[in-house]
Amino acid sequence: MWLLLLLLGDAASRCLHDETQKSVSLLRPPSSQLYPNFRSSFLTLPENHDPQPLRIQTCYIGDLGSEGVWDPEEEGIRRQARAMAAVKVAIQRLQGVLAVPPVQGPLLLSRDPAQYCHAVWGDPETPNHHRCSLLNPGYKGETCLGAKVPDAHLRGYALWPEQGPPQLVQPDGPGVQNADFLLYVRVAHTPKCHQEPSVIAYAACCQLDSEDRPLAGTIVYCAQHLTSPSLSHSDIVMATLHELLHTLGFSGQLFKKWRDCPSGPSVRENCSTRQQVTKRDEWGQLLLTTPTVSHSLAKHLGVLGVSLGVPLEEEGPLSSHWEARLLQGSIMTAIFDGAQRTRLDPITLAAFKDSGWYQVNHSAAEELLWGQESGLEFGLVTTCGTDSSDFFCTGSGLGCHYLHLDKGRCSSDPMLDGCRMYKPLAKGSECWKKENGFPPGAENPHGEIYHSQSRCFLANLTPQLLPGDKTSHLSQNPSLKEEELTGRCYLHQCTDRGAYKVQVKGSPWVPCLPGKSIQVPGYSGLLFCPWGRLCQTNESANAVTSPPVSLSTQGLLFQLALGLAAPRGYTLETEQREELIEVVLQALGSRAGTSRCYFHSPSITANLMFTVHMWKSPGCQGPSVGMLHRALTLTLQEKPIEVYYGGVSFTTEYGKLLATPDPNLSRMHLSLPAGLCLLMLISVYVLGTVAYQKRATLQVGPSPSYHSQVLQGRRGSAGGIREV
Ligand SMILES: *[C@@H]1O[C@H](CO)[C@@H](O)[C@H](O)[C@H]1NC(C)=O
Ligand SMILES: *[C@@H]1O[C@H](CO)[C@@H](O)[C@H](O)[C@H]1NC(C)=O
């Protein structure tokens with residue numbers, strides 16, 4: 001299986017199609033009669049067949065030769081470390097997901113007779129019929145996708161005379177302890193990496209056990225991508241997981257080997273070969289039709305009880321990816337657009353259950369949002385352009401990617417067969433990346449906030465003008481026209497499953513009613529609250545670390561408390577306080593550019609603490625009280641107010657700015673600036689779009705000729721082995 005990661009530019013239109021056909025032969029253990037195990041381990045302990053977490057052992061295979069030329073040593077070590085770190089995380093992840101009846105004793109891989117043997121005894125009358133009669137002098141051992149398999153991992157081999165005992169050439173190796181699957185890892189500049197500079201990694205399975213469960217495979221990382229800043233660790237982990245899932249059984253070449261094991265993988269005697277795994281429907285669409293997968297898709301689409309095959313991508317006679325129109329965001333689609341947007345989904349896990357080789361922990365699945373509850377017609381070429389589902393779009397306007405992490409443009413890619421969806425823009429569209437935001441002081445005309453907890457919302461918000469605000473040049477442009485709706489980044493916070501609120505720059509938190517549009521205090525225009533997309537898991541509700549503030553937009557009541565600094569020893573008489581209050585209020589009003597109608601019940605204590613309640617009285621013109629409060633807070637922090645009264649100068653000290661009545665509100669104002677910096681930063685960034693695509697189909701068939709190097713694409717003629 002050839003699974004490639006393609007790094008695409010801003011559009012997925014550069015998807016390349018590889019003509020090169022490669023082949024890897026899938027080896028199974030030899031039948032003990034024909035290729036006896038030289039260890040003759042007939043006496044074994046009673047076997048434990050209860051499924052245990054899949055044990056994947058890895059083996060890094062250094063590339064000699066060309067590597068030295070290409071890779072300065074230090075960089076090579078860095079790449080190796082990066083690859084191995086990703087492999088480790090991916091394997092850990094799978095351990096909680098897949099379980100198998102453990103391999104008993106050390107895992108020992110098979111040799112390919114077609115490689116080491118030039119000819120076998122063909123006469124059925126001879127006792128050593130079928131056994132190797134002539135060795136291939138050029139045999140250099142086994143490789144798996146260019147990785148040289150150590151002899152220690154391999155069974156031995158022998159030369160057989162026409163009659164009598166064999167002549168041992170190489171004994172069995174010690175094998176690998178505690179392993180159910182052996183993953184060879186290479187970091188290389190292979191010809192494939194050169195031909196397709198966008199390929200990040202590819203993988204293949206090379207060996208199967210007697211039940212056809214994959215036992216060994218290789219993942220090749222194209223070296224240059226491991227030091228590329230455009231891929232985060234999470235991206236490489238996700239790409240590794242994708243490749244690993246291919247080698248473990250999600251492969252067009254392995255589908256036909258899946259087994260039907262109604263009693264689970266441990267009761268092998270109850271397993272049978274599946275009658276049908278894939279089929280083509282009447283429109284020629286290739287489907288995976290096994291029961292758990294079909295049920296899982298029906299459940300996903302909300303059409304339980306309907307028997308559905310799951311469409312596979314059109315990739316030639318074999319296909320190893322889900323159809324992207326239907327299962328966008330699944331880890332097993334052919335186009336991968338960043339770890340952030342990729343899920344180890346229930347339908348993929350169902351496929352592993354249906355392989356018959358694994359016991360699957362279905363609770364490890366991550367929710368797939370795309371197409372959820374969208375019905376039978378979802379994702380068809382005939383329906384995606386008809387506005388029947390808001391997962392798809394028409395035209396080429398701007399909006400939000402369906403996960404709302406990114407702004408997007410309505411576009412297509414070769415896997416979407418003409419359907420269009422909002423795809424992340426090439427650069428700077430991630431709302432969750434703080435660095436995409438506006439630098440301090442820059443104009444932020446729509447009050448956007450870029451933050452790890454920001455999401456994309458369809459909106460056309462523009463700030464309401466502060467009357468008398470002469471610094472705003474928007475006020476010189478009085479005829480504000482209605483802005484077009486587009487994707488904008490605003491802070492969100494889950495309040496419950498499916499429920500959330502949003503914050504726009506300077507506004508208070510506003511409850512967002514999924515499926516409705518809302519107004520935001522201080523802004524004109526609307527913000528649309530997506531339904532069924534945000535805060536869908538309890539997990540994301542917990543992930544929010546900002547204080548649990550709940551505010552209704554009506555009845556907002558803020559309190560402003562300011563200390564006033566006066567010359568030492570100054571005391572205020574009661575009647576003087578009333579006058580000073582007026583002076584301070586005037587100064588506040590003029591700083592805010594608003595009238596007195598926001599300020600209520602002012603007071604000053606003997607030790608010069610000024611407090612005032614803020615709310616917007618009926619008929620009061622201007623911004624929301626929340627916005628005004630925020631603006632005042634900021635401006636007073638930056639520049640105190642100085643007032644003169646009775647020949648004395650008083651300066652505001654930025655001390656406390658409190659909002660009442662909710663006691664949480666005081667925490668909000670004190671902790672928000674810090675919170676903005678410290679909230680869980682999702683430290684993942686992806687430049688452009690990454691895609692992996694299955695390139696060419698693999699054939700199980702005649703083994704390549706001796707010495708043929710799979711990776712160099714020399715395709716051998718059928719091997720010299722004579723088989724019956
Ligand atoms: C199954 O997955 C869940 C969620 O990832 C995990 O908490 C649990 O430990 C897993 N169970 C097993 C047996 O690994
Ligand atoms: C295997 O299948 C048979 C026939 O369906 C059934 O009677 C038996 O209980 C199964 N074995 C186990 C261990 O499930």
# chains A, B, ... in the order shown; residues from 1 in each chain; ligands from 1
$ closest_atom_pairs --of "chain A" --to "ligand 1" --cutoff "12 Å" --atoms "only C-alpha atoms and all ligand atoms" --output "tab-separated table"
residue	atom	partner	partner_atom_place_in_ligand_line	distance
A:Pro51	CA	ligand 1	13 (C)	10.1
A:Gln52	CA	ligand 1	13 (C)	8.6
A:Pro53	CA	ligand 1	14 (O)	7.0
A:Leu54	CA	ligand 1	14 (O)	10.0
A:Gln92	CA	ligand 1	14 (O)	10.4
A:Arg93	CA	ligand 1	5 (O)	8.4
A:Leu94	CA	ligand 1	14 (O)	9.0
A:Gln95	CA	ligand 1	14 (O)	6.7
A:Gly96	CA	ligand 1	14 (O)	3.7
A:Val97	CA	ligand 1	14 (O)	6.0
A:Leu98	CA	ligand 1	14 (O)	7.9
A:Ala99	CA	ligand 1	14 (O)	8.3
A:Val100	CA	ligand 1	13 (C)	11.8
A:Leu344	CA	ligand 1	5 (O)	10.7
A:Asp345	CA	ligand 1	5 (O)	11.9
A:Pro346	CA	ligand 1	2 (O)	11.8
A:Leu349	CA	ligand 1	2 (O)	11.6
A:Gln359	CA	ligand 1	13 (C)	9.9
A:Val360	CA	ligand 1	1 (C)	8.5
A:Asn361	CA	ligand 1	1 (C)	4.9
A:His362	CA	ligand 1	1 (C)	6.9
A:Ser363	CA	ligand 1	2 (O)	4.9
A:Ala364	CA	ligand 1	5 (O)	3.8
A:Ala365	CA	ligand 1	5 (O)	7.2
A:Glu366	CA	ligand 1	5 (O)	8.7
A:Glu367	CA	ligand 1	5 (O)	11.9
A:Glu539	CA	ligand 1	4 (C)	11.7
$ select_by_dssp --residues "range 47-237 of chain A" --states "strand (DSSP E)" --output "JSON, numbers by chain"
{"A": [52, 53, 56, 57, 58, 59, 60, 98, 99, 100, 117, 118, 119, 120, 132, 133, 134, 135, 143, 144, 147, 148, 157, 158, 159, 167, 168, 169, 170, 181, 182, 183, 184, 185, 186, 187, 188, 201, 202, 203, 204, 205, 206, 207, 208, 214, 215, 216, 217, 218, 219, 220, 221, 222]}
$ closest_residue --among "A:Tyr202, A:Tyr116, A:Tyr500, A:Phe378" --to "Lys140 in chain A" --atoms "only C-alpha atoms"
A:Tyr116
$ residues_near_ligand --ligand "ligand 2" --cutoff "8 Å" --atoms "only C-alpha atoms and all ligand atoms" --output "list in words"
Pro262, Ser263, Gly264, Val267, Glu269 and Asn270 of chain A
$ closest_residue --among "A:Trp322, A:Phe650, A:Tyr598, A:Phe528" --to "Pro567 in chain A" --atoms "only C-alpha atoms"
A:Phe650
$ closest_residue --among "A:His401, A:His321, A:Arg488, A:His225" --to "Ser251 in chain A" --atoms "only C-alpha atoms"
A:His321
$ residues_around --residues "Gly141 in chain A" --least-positions-apart "5" --cutoff "8 Å" --atoms "only C-alpha atoms" --output "list in words"
Arg111, Gln115, Tyr116, Lys148, Val149 and Asp151 of chain A
$ closest_residue --among "A:Ser307, A:Thr462, A:Thr537, A:Asn136" --to "Pro521 in chain A" --atoms "only C-alpha atoms"
A:Thr462
$ decode --residues "range 150-182 of chain A" --atoms "N, CA, C and O atoms" --output "PDB file, in the first residue's frame"
ATOM      1  N   PRO A 150      16.467  -7.136  10.107  1.00  0.00           N
ATOM      2  CA  PRO A 150      17.616  -7.803  10.744  1.00  0.00           C
ATOM      3  C   PRO A 150      17.417  -9.324  10.772  1.00  0.00           C
ATOM      4  O   PRO A 150      16.300  -9.803  10.981  1.00  0.00           O
ATOM      5  N   ASP A 151      18.502 -10.064  10.546  1.00  0.00           N
ATOM      6  CA  ASP A 151      18.423 -11.526  10.595  1.00  0.00           C
ATOM      7  C   ASP A 151      17.868 -12.000  11.935  1.00  0.00           C
ATOM      8  O   ASP A 151      17.210 -13.030  12.010  1.00  0.00           O
ATOM      9  N   ALA A 152      18.139 -11.226  12.977  1.00  0.00           N
ATOM     10  CA  ALA A 152      17.666 -11.607  14.311  1.00  0.00           C
ATOM     11  C   ALA A 152      16.143 -11.694  14.372  1.00  0.00           C
ATOM     12  O   ALA A 152      15.587 -12.353  15.233  1.00  0.00           O
ATOM     13  N   HIS A 153      15.440 -11.004  13.465  1.00  0.00           N
ATOM     14  CA  HIS A 153      13.973 -11.017  13.483  1.00  0.00           C
ATOM     15  C   HIS A 153      13.404 -12.103  12.582  1.00  0.00           C
ATOM     16  O   HIS A 153      12.200 -12.213  12.458  1.00  0.00           O
ATOM     17  N   LEU A 154      14.282 -12.846  11.912  1.00  0.00           N
ATOM     18  CA  LEU A 154      13.811 -13.727  10.839  1.00  0.00           C
ATOM     19  C   LEU A 154      14.022 -15.200  11.160  1.00  0.00           C
ATOM     20  O   LEU A 154      14.947 -15.577  11.885  1.00  0.00           O
ATOM     21  N   ARG A 155      13.139 -15.977  10.564  1.00  0.00           N
ATOM     22  CA  ARG A 155      13.356 -17.419  10.584  1.00  0.00           C
ATOM     23  C   ARG A 155      14.593 -17.756   9.760  1.00  0.00           C
ATOM     24  O   ARG A 155      14.982 -17.000   8.877  1.00  0.00           O
ATOM     25  N   GLY A 156      15.131 -18.914  10.042  1.00  0.00           N
ATOM     26  CA  GLY A 156      16.290 -19.358   9.271  1.00  0.00           C
ATOM     27  C   GLY A 156      15.871 -19.940   7.933  1.00  0.00           C
ATOM     28  O   GLY A 156      14.691 -19.920   7.566  1.00  0.00           O
ATOM     29  N   TYR A 157      16.850 -20.425   7.191  1.00  0.00           N
ATOM     30  CA  TYR A 157      16.538 -21.127   5.946  1.00  0.00           C
ATOM     31  C   TYR A 157      17.623 -22.147   5.658  1.00  0.00           C
ATOM     32  O   TYR A 157      18.712 -22.115   6.234  1.00  0.00           O
ATOM     33  N   ALA A 158      17.275 -23.062   4.776  1.00  0.00           N
ATOM     34  CA  ALA A 158      18.173 -24.191   4.536  1.00  0.00           C
ATOM     35  C   ALA A 158      18.107 -24.603   3.079  1.00  0.00           C
ATOM     36  O   ALA A 158      17.167 -24.276   2.359  1.00  0.00           O
ATOM     37  N   LEU A 159      19.127 -25.335   2.702  1.00  0.00           N
ATOM     38  CA  LEU A 159      19.162 -25.932   1.366  1.00  0.00           C
ATOM     39  C   LEU A 159      18.869 -27.414   1.546  1.00  0.00           C
ATOM     40  O   LEU A 159      19.424 -28.070   2.435  1.00  0.00           O
ATOM     41  N   TRP A 160      17.981 -27.935   0.693  1.00  0.00           N
ATOM     42  CA  TRP A 160      17.575 -29.328   0.845  1.00  0.00           C
ATOM     43  C   TRP A 160      18.147 -30.158  -0.287  1.00  0.00           C
ATOM     44  O   TRP A 160      17.981 -29.805  -1.453  1.00  0.00           O
ATOM     45  N   PRO A 161      18.793 -31.257   0.084  1.00  0.00           N
ATOM     46  CA  PRO A 161      19.193 -32.187  -0.972  1.00  0.00           C
ATOM     47  C   PRO A 161      17.952 -32.918  -1.475  1.00  0.00           C
ATOM     48  O   PRO A 161      16.873 -32.806  -0.878  1.00  0.00           O
ATOM     49  N   GLU A 162      18.119 -33.653  -2.527  1.00  0.00           N
ATOM     50  CA  GLU A 162      16.968 -34.362  -3.074  1.00  0.00           C
ATOM     51  C   GLU A 162      16.352 -35.280  -2.021  1.00  0.00           C
ATOM     52  O   GLU A 162      15.144 -35.433  -1.941  1.00  0.00           O
ATOM     53  N   GLN A 163      17.235 -35.841  -1.207  1.00  0.00           N
ATOM     54  CA  GLN A 163      16.780 -36.718  -0.136  1.00  0.00           C
ATOM     55  C   GLN A 163      17.561 -36.353   1.121  1.00  0.00           C
ATOM     56  O   GLN A 163      18.652 -35.824   1.049  1.00  0.00           O
ATOM     57  N   GLY A 164      16.975 -36.634   2.239  1.00  0.00           N
ATOM     58  CA  GLY A 164      17.742 -36.515   3.472  1.00  0.00           C
ATOM     59  C   GLY A 164      17.625 -35.167   4.144  1.00  0.00           C
ATOM     60  O   GLY A 164      16.830 -34.308   3.729  1.00  0.00           O
ATOM     61  N   PRO A 165      18.396 -34.968   5.214  1.00  0.00           N
ATOM     62  CA  PRO A 165      18.237 -33.777   6.060  1.00  0.00           C
ATOM     63  C   PRO A 165      18.771 -32.520   5.386  1.00  0.00           C
ATOM     64  O   PRO A 165      19.632 -32.589   4.514  1.00  0.00           O
ATOM     65  N   PRO A 166      18.271 -31.375   5.833  1.00  0.00           N
ATOM     66  CA  PRO A 166      18.663 -30.114   5.194  1.00  0.00           C
ATOM     67  C   PRO A 166      20.042 -29.632   5.638  1.00  0.00           C
ATOM     68  O   PRO A 166      20.554 -30.055   6.669  1.00  0.00           O
ATOM     69  N   GLN A 167      20.554 -28.774   4.824  1.00  0.00           N
ATOM     70  CA  GLN A 167      21.826 -28.131   5.145  1.00  0.00           C
ATOM     71  C   GLN A 167      21.475 -26.703   5.578  1.00  0.00           C
ATOM     72  O   GLN A 167      21.022 -25.883   4.764  1.00  0.00           O
ATOM     73  N   LEU A 168      21.645 -26.431   6.861  1.00  0.00           N
ATOM     74  CA  LEU A 168      21.210 -25.150   7.413  1.00  0.00           C
ATOM     75  C   LEU A 168      22.090 -24.017   6.900  1.00  0.00           C
ATOM     76  O   LEU A 168      23.306 -24.074   6.992  1.00  0.00           O
ATOM     77  N   VAL A 169      21.496 -22.996   6.341  1.00  0.00           N
ATOM     78  CA  VAL A 169      22.270 -21.840   5.884  1.00  0.00           C
ATOM     79  C   VAL A 169      22.266 -20.767   6.971  1.00  0.00           C
ATOM     80  O   VAL A 169      23.275 -20.163   7.281  1.00  0.00           O
ATOM     81  N   GLN A 170      21.109 -20.569   7.535  1.00  0.00           N
ATOM     82  CA  GLN A 170      20.970 -19.525   8.568  1.00  0.00           C
ATOM     83  C   GLN A 170      19.942 -20.039   9.574  1.00  0.00           C
ATOM     84  O   GLN A 170      18.831 -20.409   9.178  1.00  0.00           O
ATOM     85  N   PRO A 171      20.294 -20.082  10.853  1.00  0.00           N
ATOM     86  CA  PRO A 171      19.293 -20.553  11.820  1.00  0.00           C
ATOM     87  C   PRO A 171      18.265 -19.466  12.124  1.00  0.00           C
ATOM     88  O   PRO A 171      18.448 -18.306  11.749  1.00  0.00           O
ATOM     89  N   ASP A 172      17.210 -19.862  12.809  1.00  0.00           N
ATOM     90  CA  ASP A 172      16.215 -18.871  13.255  1.00  0.00           C
ATOM     91  C   ASP A 172      16.891 -17.815  14.129  1.00  0.00           C
ATOM     92  O   ASP A 172      17.749 -18.139  14.951  1.00  0.00           O
ATOM     93  N   GLY A 173      16.476 -16.598  13.970  1.00  0.00           N
ATOM     94  CA  GLY A 173      16.945 -15.551  14.876  1.00  0.00           C
ATOM     95  C   GLY A 173      16.213 -15.651  16.204  1.00  0.00           C
ATOM     96  O   GLY A 173      15.246 -16.412  16.329  1.00  0.00           O
ATOM     97  N   PRO A 174      16.645 -14.867  17.179  1.00  0.00           N
ATOM     98  CA  PRO A 174      15.945 -14.907  18.471  1.00  0.00           C
ATOM     99  C   PRO A 174      14.546 -14.290  18.420  1.00  0.00           C
ATOM    100  O   PRO A 174      13.742 -14.513  19.317  1.00  0.00           O
ATOM    101  N   GLY A 175      14.256 -13.520  17.397  1.00  0.00           N
ATOM    102  CA  GLY A 175      12.933 -12.899  17.300  1.00  0.00           C
ATOM    103  C   GLY A 175      12.803 -11.691  18.212  1.00  0.00           C
ATOM    104  O   GLY A 175      13.775 -11.251  18.827  1.00  0.00           O
ATOM    105  N   VAL A 176      11.607 -11.153  18.290  1.00  0.00           N
ATOM    106  CA  VAL A 176      11.373  -9.940  19.092  1.00  0.00           C
ATOM    107  C   VAL A 176      10.372 -10.271  20.195  1.00  0.00           C
ATOM    108  O   VAL A 176       9.271 -10.754  19.920  1.00  0.00           O
ATOM    109  N   GLN A 177      10.802 -10.033  21.408  1.00  0.00           N
ATOM    110  CA  GLN A 177       9.940 -10.340  22.555  1.00  0.00           C
ATOM    111  C   GLN A 177       8.828  -9.298  22.691  1.00  0.00           C
ATOM    112  O   GLN A 177       8.997  -8.147  22.301  1.00  0.00           O
ATOM    113  N   ASN A 178       7.739  -9.708  23.295  1.00  0.00           N
ATOM    114  CA  ASN A 178       6.634  -8.798  23.630  1.00  0.00           C
ATOM    115  C   ASN A 178       6.158  -7.977  22.441  1.00  0.00           C
ATOM    116  O   ASN A 178       5.972  -6.772  22.538  1.00  0.00           O
ATOM    117  N   ALA A 179       6.000  -8.617  21.327  1.00  0.00           N
ATOM    118  CA  ALA A 179       5.576  -7.882  20.133  1.00  0.00           C
ATOM    119  C   ALA A 179       4.445  -8.618  19.429  1.00  0.00           C
ATOM    120  O   ALA A 179       4.499  -9.835  19.261  1.00  0.00           O
ATOM    121  N   ASP A 180       3.418  -7.872  19.068  1.00  0.00           N
ATOM    122  CA  ASP A 180       2.374  -8.401  18.196  1.00  0.00           C
ATOM    123  C   ASP A 180       2.511  -7.823  16.798  1.00  0.00           C
ATOM    124  O   ASP A 180       1.873  -8.290  15.857  1.00  0.00           O
ATOM    125  N   PHE A 181       3.271  -6.741  16.700  1.00  0.00           N
ATOM    126  CA  PHE A 181       3.488  -6.105  15.404  1.00  0.00           C
ATOM    127  C   PHE A 181       4.841  -5.418  15.464  1.00  0.00           C
ATOM    128  O   PHE A 181       5.205  -4.807  16.465  1.00  0.00           O
ATOM    129  N   LEU A 182       5.575  -5.556  14.390  1.00  0.00           N
ATOM    130  CA  LEU A 182       6.904  -4.972  14.323  1.00  0.00           C
ATOM    131  C   LEU A 182       6.880  -3.854  13.290  1.00  0.00           C
ATOM    132  O   LEU A 182       6.520  -4.085  12.130  1.00  0.00           O
TER     133      LEU A 182
END
